[in-house]
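What follows is the content of input30.cif, which has mmCIF, C-alpha atoms and all ligand atoms:
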data_run
loop_
_atom_site.label_atom_id
_atom_site.label_comp_id
_atom_site.auth_asym_id
_atom_site.auth_seq_id
_atom_site.Cartn_x
_atom_site.Cartn_y
_atom_site.Cartn_z
CA MET C 72 65.05 94.57 83.29
CA SER C 73 62.49 93.39 80.72
CA ALA C 74 62.95 90.12 78.85
CA PRO C 75 65.33 90.61 75.93
CA ALA C 76 64.02 90.02 72.40
CA THR C 77 67.13 88.03 71.63
CA THR C 78 68.24 87.24 68.10
CA PRO C 79 70.81 84.55 67.25
CA VAL C 80 74.33 85.89 67.73
CA PRO C 81 77.10 84.72 65.34
CA ALA C 82 79.46 82.14 66.81
CA HIS C 83 82.49 84.45 66.60
CA VAL C 84 80.92 86.98 69.00
CA PRO C 85 82.01 86.21 72.59
CA GLN C 86 79.21 84.90 74.79
CA LEU C 87 78.09 87.40 77.38
CA PRO C 88 79.13 86.48 80.94
CA ALA C 89 76.64 84.70 83.19
CA GLY C 90 74.35 87.03 85.13
CA THR C 91 75.39 90.05 83.08
CA PRO C 92 73.30 93.23 82.83
CA LEU C 93 74.10 93.13 79.09
CA ALA C 94 71.74 91.67 76.49
CA TRP C 95 71.31 91.65 72.71
CA ARG C 96 67.98 93.19 71.81
CA ASP C 97 66.84 94.03 68.30
CA GLY C 98 70.41 93.65 67.09
CA GLN C 99 71.78 96.18 69.60
CA LEU C 100 73.83 95.56 72.73
CA HIS C 101 71.92 96.92 75.74
CA LEU C 102 73.03 97.52 79.32
CA GLU C 103 69.88 97.09 81.37
CA ASP C 104 67.32 98.85 79.14
CA VAL C 105 69.67 101.32 77.44
CA PRO C 106 71.09 100.65 73.95
CA LEU C 107 74.79 101.34 74.40
CA HIS C 108 75.31 103.00 71.00
CA THR C 109 73.04 105.88 72.08
CA LEU C 110 75.35 106.55 75.05
CA ALA C 111 78.45 106.35 72.85
CA ARG C 112 76.91 108.92 70.48
CA GLU C 113 75.67 111.20 73.24
CA HIS C 114 78.76 111.22 75.47
CA GLY C 115 81.56 110.28 73.09
CA THR C 116 84.18 107.60 73.62
CA PRO C 117 86.07 106.18 75.42
CA LEU C 118 83.16 105.93 77.85
CA PHE C 119 82.62 103.79 80.93
CA VAL C 120 79.05 102.63 81.51
CA TYR C 121 77.94 100.84 84.68
CA SER C 122 74.75 99.04 85.67
CA GLN C 123 73.32 100.13 89.00
CA ALA C 124 71.28 96.91 89.26
CA ALA C 125 74.38 94.79 88.70
CA ILE C 126 76.41 96.67 91.33
CA LEU C 127 73.64 96.51 93.93
CA GLY C 128 72.82 92.90 93.02
CA ALA C 129 76.45 91.84 93.52
CA ALA C 130 76.67 93.71 96.83
CA ARG C 131 73.43 92.05 97.95
CA ALA C 132 74.77 88.62 96.97
CA TRP C 133 77.64 89.22 99.41
CA GLN C 134 75.35 90.50 102.15
CA ASP C 135 72.93 87.57 101.65
CA ALA C 136 75.80 85.10 101.93
CA PHE C 137 76.07 86.19 105.59
CA LYS C 138 72.34 86.18 106.42
CA GLY C 139 71.87 85.35 110.10
CA ARG C 140 75.57 85.89 110.85
CA ASP C 141 77.44 88.85 112.27
CA ALA C 142 79.25 90.20 109.22
CA LEU C 143 80.32 93.35 107.43
CA VAL C 144 80.91 93.60 103.68
CA CYS C 145 83.63 96.22 103.15
CA TYR C 146 83.81 97.10 99.44
CA ALA C 147 87.45 97.46 98.33
CA VAL C 148 87.48 101.03 97.04
CA LYS C 149 90.51 100.64 94.77
CA ALA C 150 88.48 98.45 92.37
CA ASN C 151 86.39 101.48 91.37
CA ALA C 152 86.46 104.66 93.42
CA SER C 153 83.90 106.75 91.56
CA LEU C 154 81.86 108.77 94.05
CA ALA C 155 78.45 107.82 92.66
CA ILE C 156 79.31 104.12 93.00
CA LEU C 157 80.65 104.60 96.55
CA ARG C 158 77.45 106.47 97.41
CA LEU C 159 75.29 103.61 96.09
CA LEU C 160 77.24 101.07 98.12
CA ALA C 161 77.24 103.18 101.30
CA ALA C 162 73.46 103.54 101.02
CA ALA C 163 73.19 99.75 100.52
CA GLY C 164 74.85 99.25 103.91
CA CYS C 165 78.34 98.37 102.73
CA GLY C 166 81.45 99.29 104.65
CA PHE C 167 84.69 100.10 102.85
CA ASP C 168 88.22 98.74 102.66
CA ILE C 169 90.54 101.66 101.95
CA VAL C 170 94.25 101.74 101.16
CA SER C 171 95.05 105.46 101.26
CA GLY C 172 94.10 108.79 102.77
CA GLY C 173 92.66 109.76 99.39
CA GLU C 174 90.28 106.80 99.53
CA LEU C 175 89.36 107.74 103.11
CA GLU C 176 88.33 111.24 102.02
CA ARG C 177 86.39 109.78 99.08
CA VAL C 178 84.35 107.33 101.15
CA LEU C 179 83.63 109.97 103.81
CA ALA C 180 82.48 112.33 101.03
CA ALA C 181 80.26 109.50 99.74
CA GLY C 182 78.54 109.15 103.12
CA ALA C 183 80.37 106.15 104.56
CA GLN C 184 79.99 105.46 108.27
CA PRO C 185 83.49 105.65 109.79
CA GLY C 186 82.67 102.64 111.99
CA ARG C 187 82.40 100.58 108.79
CA ILE C 188 85.81 101.47 107.35
CA VAL C 189 88.89 99.26 107.50
CA PHE C 190 92.28 100.61 106.41
CA SER C 191 94.73 98.26 104.67
CA GLY C 192 98.10 98.91 103.01
CA VAL C 193 101.81 98.58 103.74
CA GLY C 194 102.65 102.27 103.50
CA LYS C 195 100.24 104.27 105.66
CA THR C 196 101.71 107.67 106.47
CA HIS C 197 101.45 109.27 109.92
CA ALA C 198 99.14 111.92 108.48
CA GLU C 199 96.86 109.18 107.11
CA MET C 200 96.91 107.40 110.48
CA ARG C 201 95.97 110.63 112.27
CA ARG C 202 93.10 111.41 109.93
CA ALA C 203 91.72 107.85 110.19
CA LEU C 204 91.98 107.91 114.00
CA GLN C 205 90.18 111.24 114.17
CA ALA C 206 87.47 109.97 111.79
CA GLY C 207 86.98 106.94 114.05
CA ILE C 208 87.46 104.08 111.58
CA ALA C 209 86.65 100.49 112.60
CA CYS C 210 90.08 98.95 112.13
CA PHE C 211 93.62 99.44 110.89
CA ASN C 212 94.86 96.32 109.10
CA VAL C 213 98.48 96.54 110.24
CA GLU C 214 101.06 95.09 107.87
CA SER C 215 104.37 95.24 109.81
CA LEU C 216 105.81 95.51 113.33
CA ALA C 217 107.22 98.94 112.51
CA GLU C 218 103.76 100.14 111.46
CA LEU C 219 102.31 98.79 114.72
CA ASP C 220 104.77 100.80 116.84
CA GLU C 221 104.33 103.95 114.76
CA LEU C 222 100.55 103.68 114.88
CA SER C 223 100.71 103.32 118.66
CA ALA C 224 102.83 106.49 118.89
CA VAL C 225 100.50 108.45 116.58
CA ALA C 226 97.46 107.20 118.53
CA SER C 227 99.03 108.35 121.78
CA GLU C 228 99.63 111.85 120.32
CA CYS C 229 95.99 111.95 119.16
CA GLY C 230 94.68 110.57 122.43
CA VAL C 231 92.64 107.98 120.53
CA ALA C 232 93.38 104.26 120.90
CA ALA C 233 93.88 102.60 117.51
CA PRO C 234 91.66 99.58 116.77
CA ILE C 235 93.84 97.06 114.94
CA ALA C 236 93.97 93.71 113.24
CA ILE C 237 97.24 92.29 112.07
CA ARG C 238 97.32 91.24 108.44
CA VAL C 239 98.90 87.84 108.50
CA ASN C 240 100.44 86.24 105.48
CA PRO C 241 99.06 82.70 105.45
CA ASP C 242 101.56 81.58 102.77
CA VAL C 243 98.80 80.21 100.57
CA ASP C 244 98.99 80.08 96.79
CA ALA C 245 95.89 81.80 95.41
CA ARG C 246 96.79 80.35 91.97
CA THR C 247 96.26 83.65 90.21
CA HIS C 248 98.51 86.08 88.29
CA PRO C 249 101.75 86.73 90.26
CA TYR C 250 101.08 90.51 90.28
CA ILE C 251 97.74 90.01 92.02
CA SER C 252 98.79 87.18 94.35
CA THR C 253 99.44 88.62 97.80
CA GLY C 254 99.43 85.76 100.32
CA LEU C 255 102.74 84.09 99.49
CA ARG C 256 105.95 84.23 101.48
CA GLY C 257 107.70 86.41 98.88
CA ASN C 258 105.03 89.16 98.92
CA LYS C 259 105.43 92.56 100.57
CA PHE C 260 102.07 92.21 102.36
CA GLY C 261 101.27 91.22 105.91
CA ILE C 262 103.28 89.66 108.73
CA ALA C 263 104.64 86.14 108.27
CA HIS C 264 102.50 83.39 109.73
CA ALA C 265 105.40 82.26 111.94
CA GLU C 266 105.80 85.77 113.40
CA ALA C 267 102.17 86.68 113.83
CA ARG C 268 101.72 85.25 117.34
CA ALA C 269 104.69 87.25 118.65
CA ALA C 270 103.35 90.36 116.91
CA TYR C 271 100.03 89.99 118.73
CA ARG C 272 101.88 89.52 122.07
CA HIS C 273 103.70 92.76 121.34
CA ALA C 274 100.46 94.54 120.36
CA ALA C 275 98.97 93.55 123.70
CA THR C 276 101.72 95.55 125.47
CA LEU C 277 101.01 98.77 123.55
CA PRO C 278 98.70 101.05 125.57
CA TRP C 279 97.38 102.99 122.55
CA VAL C 280 96.57 99.93 120.47
CA ARG C 281 93.35 97.96 120.88
CA VAL C 282 93.35 94.54 119.20
CA VAL C 283 90.00 93.90 117.54
CA GLY C 284 90.70 91.23 114.96
CA ILE C 285 92.86 89.26 112.59
CA ASP C 286 93.10 89.84 108.85
CA CYS C 287 94.38 88.28 105.65
CA HIS C 288 93.99 88.91 101.93
CA ILE C 289 95.54 86.32 99.65
CA GLY C 290 95.14 87.80 96.18
CA SER C 291 92.75 88.79 93.44
CA GLN C 292 90.79 87.13 90.60
CA ILE C 293 90.66 83.89 92.61
CA THR C 294 88.31 81.46 90.85
CA GLU C 295 88.13 78.53 93.30
CA SER C 296 87.29 78.11 96.96
CA ALA C 297 90.26 75.92 97.94
CA PRO C 298 92.78 78.78 98.52
CA TYR C 299 90.24 80.50 100.81
CA ALA C 300 89.61 77.29 102.75
CA GLU C 301 93.37 76.83 103.17
CA ALA C 302 93.85 80.44 104.26
CA LEU C 303 90.95 80.21 106.71
CA GLU C 304 92.39 77.11 108.39
CA ARG C 305 95.78 78.81 108.72
CA VAL C 306 94.18 81.97 110.16
CA LEU C 307 92.09 79.95 112.62
CA ASP C 308 95.21 78.07 113.79
CA LEU C 309 96.71 81.46 114.59
CA ALA C 310 93.52 82.82 116.14
CA GLU C 311 93.44 79.87 118.54
CA ALA C 312 97.06 80.48 119.55
CA ILE C 313 96.57 84.25 119.96
CA GLU C 314 93.48 83.76 122.11
CA ALA C 315 95.31 81.14 124.18
CA ASP C 316 97.88 83.90 124.83
CA GLY C 317 95.06 86.02 126.28
CA THR C 318 94.20 88.37 123.39
CA ALA C 319 90.56 88.17 122.27
CA LEU C 320 89.83 88.61 118.56
CA ALA C 321 86.41 90.17 118.00
CA HIS C 322 86.52 89.71 114.24
CA ILE C 323 88.06 87.68 111.45
CA ASP C 324 88.68 89.48 108.14
CA LEU C 325 89.29 87.17 105.18
CA GLY C 326 89.95 89.96 102.67
CA GLY C 327 88.69 90.12 99.10
CA GLY C 328 89.81 88.55 95.87
CA LEU C 329 86.89 86.55 94.53
CA GLY C 330 87.20 86.50 90.75
CA ILE C 331 84.77 87.19 87.93
CA ASP C 332 83.99 85.75 84.50
CA TYR C 333 86.27 87.53 82.03
CA ALA C 334 86.75 84.61 79.66
CA GLY C 335 84.52 81.80 80.87
CA GLU C 336 85.93 81.45 84.38
CA ALA C 337 83.33 80.12 86.82
CA PRO C 338 84.22 81.35 90.31
CA PRO C 339 81.92 80.27 93.16
CA ALA C 340 79.15 82.68 94.14
CA PRO C 341 79.69 84.37 97.53
CA ALA C 342 77.02 82.14 99.15
CA ALA C 343 78.61 78.95 97.80
CA LEU C 344 82.09 80.02 98.91
CA TRP C 345 80.91 81.02 102.36
CA GLY C 346 78.73 77.94 102.75
CA GLU C 347 81.96 76.00 102.60
CA LEU C 348 83.85 78.41 104.85
CA PHE C 349 81.06 78.51 107.47
CA ALA C 350 81.19 74.71 107.72
CA ARG C 351 84.85 75.09 108.72
CA LEU C 352 84.22 78.05 111.02
CA ASP C 353 81.35 76.25 112.75
CA ALA C 354 83.36 73.03 113.10
CA ARG C 355 86.14 74.94 114.85
CA GLY C 356 83.84 76.97 117.10
CA PHE C 357 84.29 80.32 115.33
CA GLY C 358 80.85 80.39 113.69
CA ALA C 359 79.52 83.23 115.85
CA ARG C 360 82.59 85.43 115.35
CA ARG C 361 82.13 88.76 113.54
CA LEU C 362 83.30 88.38 109.95
CA ILE C 363 84.62 91.00 107.56
CA VAL C 364 85.17 90.55 103.83
CA GLU C 365 86.70 93.04 101.39
CA PRO C 366 85.34 92.25 97.90
CA GLY C 367 86.11 94.69 95.11
CA ARG C 368 86.22 93.14 91.64
CA SER C 369 83.31 90.75 92.31
CA ILE C 370 81.02 93.72 93.08
CA VAL C 371 81.82 96.06 90.18
CA GLY C 372 83.84 94.10 87.59
CA ASN C 373 81.08 92.73 85.41
CA ALA C 374 78.76 95.67 86.11
CA GLY C 375 80.77 97.89 83.75
CA VAL C 376 81.85 98.16 80.13
CA CYS C 377 84.18 100.51 78.30
CA LEU C 378 82.83 101.78 74.98
CA THR C 379 85.28 102.70 72.28
CA GLN C 380 85.12 103.79 68.65
CA VAL C 381 87.10 102.21 65.82
CA LEU C 382 89.38 104.91 64.42
CA ARG C 383 90.82 102.97 61.50
CA LEU C 384 91.88 99.55 60.30
CA LYS C 385 95.47 98.84 59.40
CA ALA C 386 96.68 95.71 57.68
CA GLY C 387 100.18 94.96 58.98
CA GLU C 388 102.80 92.56 57.62
CA ALA C 389 102.17 89.92 60.26
CA LYS C 390 98.98 91.18 61.89
CA ASN C 391 95.90 93.26 61.25
CA PHE C 392 95.33 96.13 63.62
CA CYS C 393 91.99 97.54 64.66
CA ILE C 394 92.92 100.94 66.11
CA VAL C 395 90.39 102.22 68.63
CA ASP C 396 90.12 105.37 70.73
CA ALA C 397 90.44 103.56 74.10
CA ALA C 398 93.90 102.60 75.25
CA MET C 399 95.99 101.28 78.13
CA SER C 400 95.22 104.62 79.79
CA GLU C 401 91.59 103.50 80.31
CA LEU C 402 91.99 99.70 80.08
CA PRO C 403 95.36 98.99 81.69
CA ARG C 404 94.78 95.33 82.57
CA PRO C 405 95.95 93.74 79.29
CA ALA C 406 99.19 95.79 79.41
CA LEU C 407 99.71 95.12 83.15
CA TYR C 408 98.70 91.47 83.46
CA GLN C 409 98.19 90.23 79.89
CA SER C 410 94.57 89.84 80.89
CA TRP C 411 91.71 89.09 78.56
CA HIS C 412 88.59 91.24 78.16
CA ARG C 413 85.75 90.23 75.89
CA ILE C 414 85.46 92.75 73.04
CA VAL C 415 82.10 92.87 71.29
CA PRO C 416 80.53 95.14 68.68
CA LEU C 417 77.55 97.26 69.76
CA ASN C 418 75.76 96.34 66.53
CA GLU C 419 75.16 92.66 66.16
CA PRO C 420 76.99 91.31 63.08
CA PRO C 421 75.07 89.16 60.58
CA VAL C 422 74.84 85.44 61.33
CA GLY C 423 77.12 83.29 59.20
CA SER C 424 79.75 86.00 58.70
CA THR C 425 83.39 85.00 59.18
CA PRO C 426 85.16 88.25 59.96
CA PRO C 427 88.90 88.93 59.80
CA VAL C 428 91.04 88.66 62.92
CA TRP C 429 92.42 91.81 64.51
CA ASP C 430 94.70 92.94 67.28
CA VAL C 431 92.65 95.66 68.95
CA VAL C 432 95.08 98.42 69.91
CA GLY C 433 94.95 101.94 71.29
CA PRO C 434 96.60 105.17 70.09
CA ILE C 435 99.27 105.29 72.82
CA CYS C 436 102.91 105.16 71.78
CA GLU C 437 103.75 101.89 73.55
CA SER C 438 103.80 98.39 72.08
CA GLY C 439 102.10 97.25 75.29
CA ASP C 440 99.07 99.35 74.38
CA TRP C 441 96.75 96.58 73.23
CA LEU C 442 93.25 95.72 74.43
CA GLY C 443 92.82 92.32 72.81
CA ARG C 444 94.77 90.08 70.47
CA ASP C 445 93.59 87.89 67.58
CA ARG C 446 89.94 88.89 67.81
CA PRO C 447 87.55 88.02 64.99
CA LEU C 448 85.58 91.22 64.51
CA ALA C 449 83.29 92.42 61.76
CA VAL C 450 84.09 96.13 62.11
CA GLN C 451 84.38 99.25 60.04
CA PRO C 452 85.95 102.59 61.01
CA GLY C 453 83.50 104.70 62.99
CA GLU C 454 81.74 101.72 64.56
CA PHE C 455 81.64 101.16 68.31
CA LEU C 456 82.98 98.27 70.40
CA ALA C 457 82.54 97.41 74.08
CA ALA C 458 85.27 95.95 76.27
CA LEU C 459 83.44 93.91 78.90
CA GLY C 460 84.45 93.30 82.51
CA ALA C 461 85.61 96.93 82.69
CA GLY C 462 83.95 97.91 85.98
CA ALA C 463 86.95 97.02 88.16
CA TYR C 464 90.58 98.14 87.99
CA CYS C 465 90.04 100.19 84.82
CA MET C 466 88.75 103.70 85.61
CA SER C 467 90.40 103.54 89.06
CA MET C 468 93.73 102.84 87.33
CA ALA C 469 93.19 105.26 84.46
CA SER C 470 96.00 107.66 83.65
CA ARG C 471 96.53 110.68 81.45
CA TYR C 472 99.54 109.17 79.69
CA ASN C 473 100.09 110.79 76.28
CA SER C 474 98.09 113.78 77.65
CA ARG C 475 94.87 111.89 77.18
CA PRO C 476 92.03 113.47 79.20
CA LEU C 477 90.29 111.12 81.65
CA PRO C 478 87.12 109.61 80.14
CA ALA C 479 83.51 110.11 81.19
CA GLU C 480 81.40 107.65 83.21
CA VAL C 481 77.69 106.91 83.03
CA LEU C 482 75.51 104.99 85.50
CA VAL C 483 72.48 103.18 84.07
CA ASP C 484 69.37 102.42 86.11
CA GLY C 485 66.72 100.65 84.02
CA SER C 486 66.09 102.89 81.01
CA HIS C 487 67.63 105.92 82.72
CA ALA C 488 71.29 106.89 82.16
CA ARG C 489 73.07 109.46 84.32
CA LEU C 490 76.47 111.05 83.72
CA ILE C 491 78.53 110.50 86.91
CA ARG C 492 81.83 111.90 85.64
CA ARG C 493 82.26 114.53 82.94
CA ARG C 494 84.92 113.90 80.33
CA GLU C 495 88.00 116.00 81.06
CA ALA C 496 89.11 118.73 78.74
CA PRO C 497 92.84 118.78 77.95
CA GLN C 498 93.29 121.93 80.08
CA ASP C 499 91.74 120.20 83.15
CA ALA C 500 94.87 118.06 83.24
CA TRP C 501 97.27 120.99 83.62
CA GLN C 502 95.37 123.14 86.10
CA HIS C 503 97.85 122.45 88.93
CA GLU C 504 100.92 122.97 86.78
CA LEU C 505 103.09 126.08 87.23
CA SER C 506 104.93 127.35 84.22
C1 LIG O 1 92.70 94.83 96.41
C2 LIG O 1 92.31 94.40 97.76
C3 LIG O 1 91.03 93.88 98.00
C4 LIG O 1 90.03 93.64 96.90
O1 LIG O 1 90.42 92.64 96.00
P1 LIG O 1 89.40 92.19 94.84
O2 LIG O 1 90.16 91.19 94.08
O3 LIG O 1 89.06 93.39 94.05
O4 LIG O 1 88.20 91.62 95.53
C5 LIG O 1 90.69 93.56 99.29
N1 LIG O 1 91.56 93.74 100.33
C6 LIG O 1 92.80 94.23 100.12
C7 LIG O 1 93.70 94.42 101.28
C8 LIG O 1 93.21 94.58 98.85
O5 LIG O 1 94.44 95.06 98.66
#
Translate the structure of the given file into structure tokens.
Amino acid sequence: MSAPATTPVPAHVPQLPAGTPLAWRDGQLHLEDVPLHTLAREHGTPLFVYSQAAILGAARAWQDAFKGRDALVCYAVKANASLAILRLLAAAGCGFDIVSGGELERVLAAGAQPGRIVFSGVGKTHAEMRRALQAGIACFNVESLAELDELSAVASECGVAAPIAIRVNPDVDARTHPYISTGLRGNKFGIAHAEARAAYRHAATLPWVRVVGIDCHIGSQITESAPYAEALERVLDLAEAIEADGTALAHIDLGGGLGIDYAGEAPPAPAALWGELFARLDARGFGARRLIVEPGRSIVGNAGVCLTQVLRLKAGEAKNFCIVDAAMSELPRPALYQSWHRIVPLNEPPVGSTPPVWDVVGPICESGDWLGRDRPLAVQPGEFLAALGAGAYCMSMASRYNSRPLPAEVLVDGSHARLIRRREAPQDAWQHELS
């Protein structure tokens, strides 16, 4: 990326996140070297645009954090499952953390090596187990005793021993939104810390199960290292006990969950986080153990934006509404978790302006369909806005609610922009319907 010819940005415009592929140049918001308004005009809106350099840079930051160690970075596919992005990450040497048979087919289609795939999730079906066994994945992250027994039975039918880790619930508070906190006692995920040792003893008796590791994943959008340090200590306590019982653990999987800067959060970089965790691993004699991590959001989140066009402005009795053509169908995080995305105009507003304050809302017939509240924006109908931090858990969660066709996606590499998903036509959405 060339040095941006930056101009002063008015104080009401949100600051761009640290390390972003976005920059103001000549009064236009660019992603890498592409002015975003040209993409909005060419492809229409709502439109997702991703930076290839940002995705690969974030993946490399994870890989570099493990330099000189035995480690595998398994990108969590559910954050963004677009084939072109999976292909980039597979070619960069990433493995994948999948949570469904659909994700398994996607990563295989994208060129993933089966030996670099781990399979998480509380509800794996027998058909999904069979397919993953036949593909030869690296590890099933088993989330209950019932799943362990069923997997053993399926593996015996297939004649392929199932490599497994048990996902243990370390009962650690990740201090994040309750819907994305997964390592607490009340969560549906994993096997309780107190029952994990017995579960491993049981696994050791199953002839079609081969224990290869131990796993945990404590939540998402975690912005400090302390919950990871706590979880690691709890997992190592268990690992010591399990190995004392005679079961060797070839790897330790600490899951994903590292947060990103949506609104000024400053999560540790992967190298800083793992510097701290390696000190603990080394001190307890686990420093040479194979490590697996499952980052999703921290690889794609701030690599992507969602472009949207202002349809009209509506002054309400209590609030002003800026109605845009993106909605909770493309940007579900505000509706789901009351989360905050920066919303910025693609044309830089004049310095010194004090614009009115708007609730930015979509066209969907739900009061929960808002993208941002109380945002000072100098906008007119027809102008474009970008919702930042839209690379993770947006397109992968997109729906067709209100019969809205799924949006298009573009991948930017320097000054080159490539369409990686065509916008759906309304009739694409009903092609499997029988009337
Ligand atoms: C969602 C998920 C991840 C990825 O979480 P991020 O917050 O996107 O890094 C990793 N592992 C498991 C098991 C998950 O469910």
Practice item. Grab me every residue within 8 Å of ligand LIG 1 (chain O), counting all atoms listed in the file, and send it over as a ChimeraX atom specification. Key: /C:146-150,168-170,191-192,251,287-288,290-293,326-330,364-370,463-464
Practice item. State, in Å with one decimal place, the distance from CA of Gly439 in chain C to CA of Pro405 in chain C. Key: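 We find that CA of Gly439 in chain C and CA of Pro405 in chain C lie 8.1 Å from each other.
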Exercise for review: Name the residues in contact with range 356-361 of chain C at a cut-off of 9 Å, using only C-alpha atoms, excluding same-chain residues fewer than 6 positions from it; report them as a list in words.
Suggested key: Arg140, Asp141, Ala142, Leu143, Leu307, Leu320, Ala321, His322, Ile323, Asp324, Phe349 and Ala350 of chain C
Practice item. Write out as a list of chain:residue names each polymer residue whose atoms come within 10 Å of Ala340 in chain C, counting all atoms listed in the file; drop sequence neighbours fewer than 5 positions from it. Key: C:Ala129, C:Ala132, C:Trp133, C:Ala136, C:Thr294, C:Glu295, C:Ser296, C:Leu329, C:Gly330, C:Ile331, C:Trp345, C:Gly346, C:Ser369
Resulting file, chosen residues, C-alpha atoms, as a compact mmCIF listing (two decimals), in the frame of the given file:
# COMPACT_ATOMS: atom_id res chain seq x y z
CA ALA C 129 76.45 91.84 93.52
CA ALA C 132 74.77 88.62 96.97
CA TRP C 133 77.64 89.22 99.41
CA ALA C 136 75.80 85.10 101.93
CA THR C 294 88.31 81.46 90.85
CA GLU C 295 88.13 78.53 93.30
CA SER C 296 87.29 78.11 96.96
CA LEU C 329 86.89 86.55 94.53
CA GLY C 330 87.20 86.50 90.75
CA ILE C 331 84.77 87.19 87.93
CA TRP C 345 80.91 81.02 102.36
CA GLY C 346 78.73 77.94 102.75
CA SER C 369 83.31 90.75 92.31
Practice item. For Ala224 in chain C, list every protein, DNA or RNA residue within 9 Å, evaluated using all atoms listed in the file, and leave out those in the same chain fewer than 5 positions away; present the list as a VMD selection string. Key: chain C and resid 219 229 279
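Take the candidates C:Glu221, C:Glu388, C:Asp440, C:Asp242 and check each one against Leu402 in chain C using all atoms listed in the file; the shortest distance goes to C:Asp440.
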Review point. Pick from C:Ala479, C:Ala461, C:Val415, C:Ile289: nearest to Leu448 in chain C, with all atoms listed in the file counted?
Key: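 Among the listed residues, the smallest separation from Leu448 in chain C belongs to C:Val415.
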Check your understanding: Of the candidates C:Pro341, C:Gly173, C:Gly423, C:Pro85, which shows the shortest atom-to-atom distance to Gln134 in chain C, using only C-alpha atoms?
Key ->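 Residue with the minimum atom-to-atom distance to Gln134 in chain C: C:Pro341.
If only C-alpha atoms are the atoms counted, then among C:Pro81, C:Gly230, C:Gly443, C:Pro421 the closest residue to Arg201 in chain C is C:Gly230.
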Point to revise | Residue neighbourhood range 123-128 of chain C, 7 Å, only C-alpha atoms, exclusion window fewer than 2 positions, as an MDAnalysis selection string | key: chainID C and resid 92 121 130:132 370:371 374 482:484
Review point. Of the candidates C:Leu378, C:Gly372, C:Leu303, C:Leu407, which one gets nearest to Thr109 in chain C if we count only C-alpha atoms?
Key: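 Residue with the minimum atom-to-atom distance to Thr109 in chain C: C:Leu378.
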Practice item. Give me the residues within 12 Å of Arg471 in chain C as JSON, numbers by chain, counting all atoms listed in the file and dropping any in the same chain fewer than 2 places off. Key: {"C": [397, 398, 399, 400, 401, 402, 403, 435, 466, 468, 469, 473, 474, 475, 476, 477, 478, 495, 496, 497, 498, 499, 500, 501]}
Preceding selection exported with C-alpha atoms as an mmCIF file, in the frame of the given file:
data_model
loop_
_atom_site.group_PDB
_atom_site.id
_atom_site.type_symbol
_atom_site.label_atom_id
_atom_site.label_comp_id
_atom_site.auth_asym_id
_atom_site.auth_seq_id
_atom_site.Cartn_x
_atom_site.Cartn_y
_atom_site.Cartn_z
ATOM 1 C CA ALA C 397 90.440 103.560 74.100
ATOM 2 C CA ALA C 398 93.900 102.600 75.250
ATOM 3 C CA MET C 399 95.990 101.280 78.130
ATOM 4 C CA SER C 400 95.220 104.620 79.790
ATOM 5 C CA GLU C 401 91.590 103.500 80.310
ATOM 6 C CA LEU C 402 91.990 99.700 80.080
ATOM 7 C CA PRO C 403 95.360 98.990 81.690
ATOM 8 C CA ILE C 435 99.270 105.290 72.820
ATOM 9 C CA MET C 466 88.750 103.700 85.610
ATOM 10 C CA MET C 468 93.730 102.840 87.330
ATOM 11 C CA ALA C 469 93.190 105.260 84.460
ATOM 12 C CA ASN C 473 100.090 110.790 76.280
ATOM 13 C CA SER C 474 98.090 113.780 77.650
ATOM 14 C CA ARG C 475 94.870 111.890 77.180
ATOM 15 C CA PRO C 476 92.030 113.470 79.200
ATOM 16 C CA LEU C 477 90.290 111.120 81.650
ATOM 17 C CA PRO C 478 87.120 109.610 80.140
ATOM 18 C CA GLU C 495 88.000 116.000 81.060
ATOM 19 C CA ALA C 496 89.110 118.730 78.740
ATOM 20 C CA PRO C 497 92.840 118.780 77.950
ATOM 21 C CA GLN C 498 93.290 121.930 80.080
ATOM 22 C CA ASP C 499 91.740 120.200 83.150
ATOM 23 C CA ALA C 500 94.870 118.060 83.240
ATOM 24 C CA TRP C 501 97.270 120.990 83.620
#
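Taking only C-alpha atoms into account, Val381 in chain C lies nearest to C:Asp396 out of the set C:Asp445, C:Asp396, C:Asp244, C:Glu347.
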**Study point:** Distance in Å - CA of His101 in chain C versus CA of Ala488 in chain C
**Key:**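 Separation between CA of His101 in chain C and CA of Ala488 in chain C: 11.9 Å.
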Exercise for review: May I have the residues at most 7 Å from (97.1, 96.8, 117.6) in the file's coordinates, counting only C-alpha atoms, as a list of chain:residue names?
Suggested key: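 Output: C:Leu219, C:Ala233, C:Pro234, C:Ile235, C:Ala236, C:Ala274, C:Val280, C:Arg281, C:Val282.
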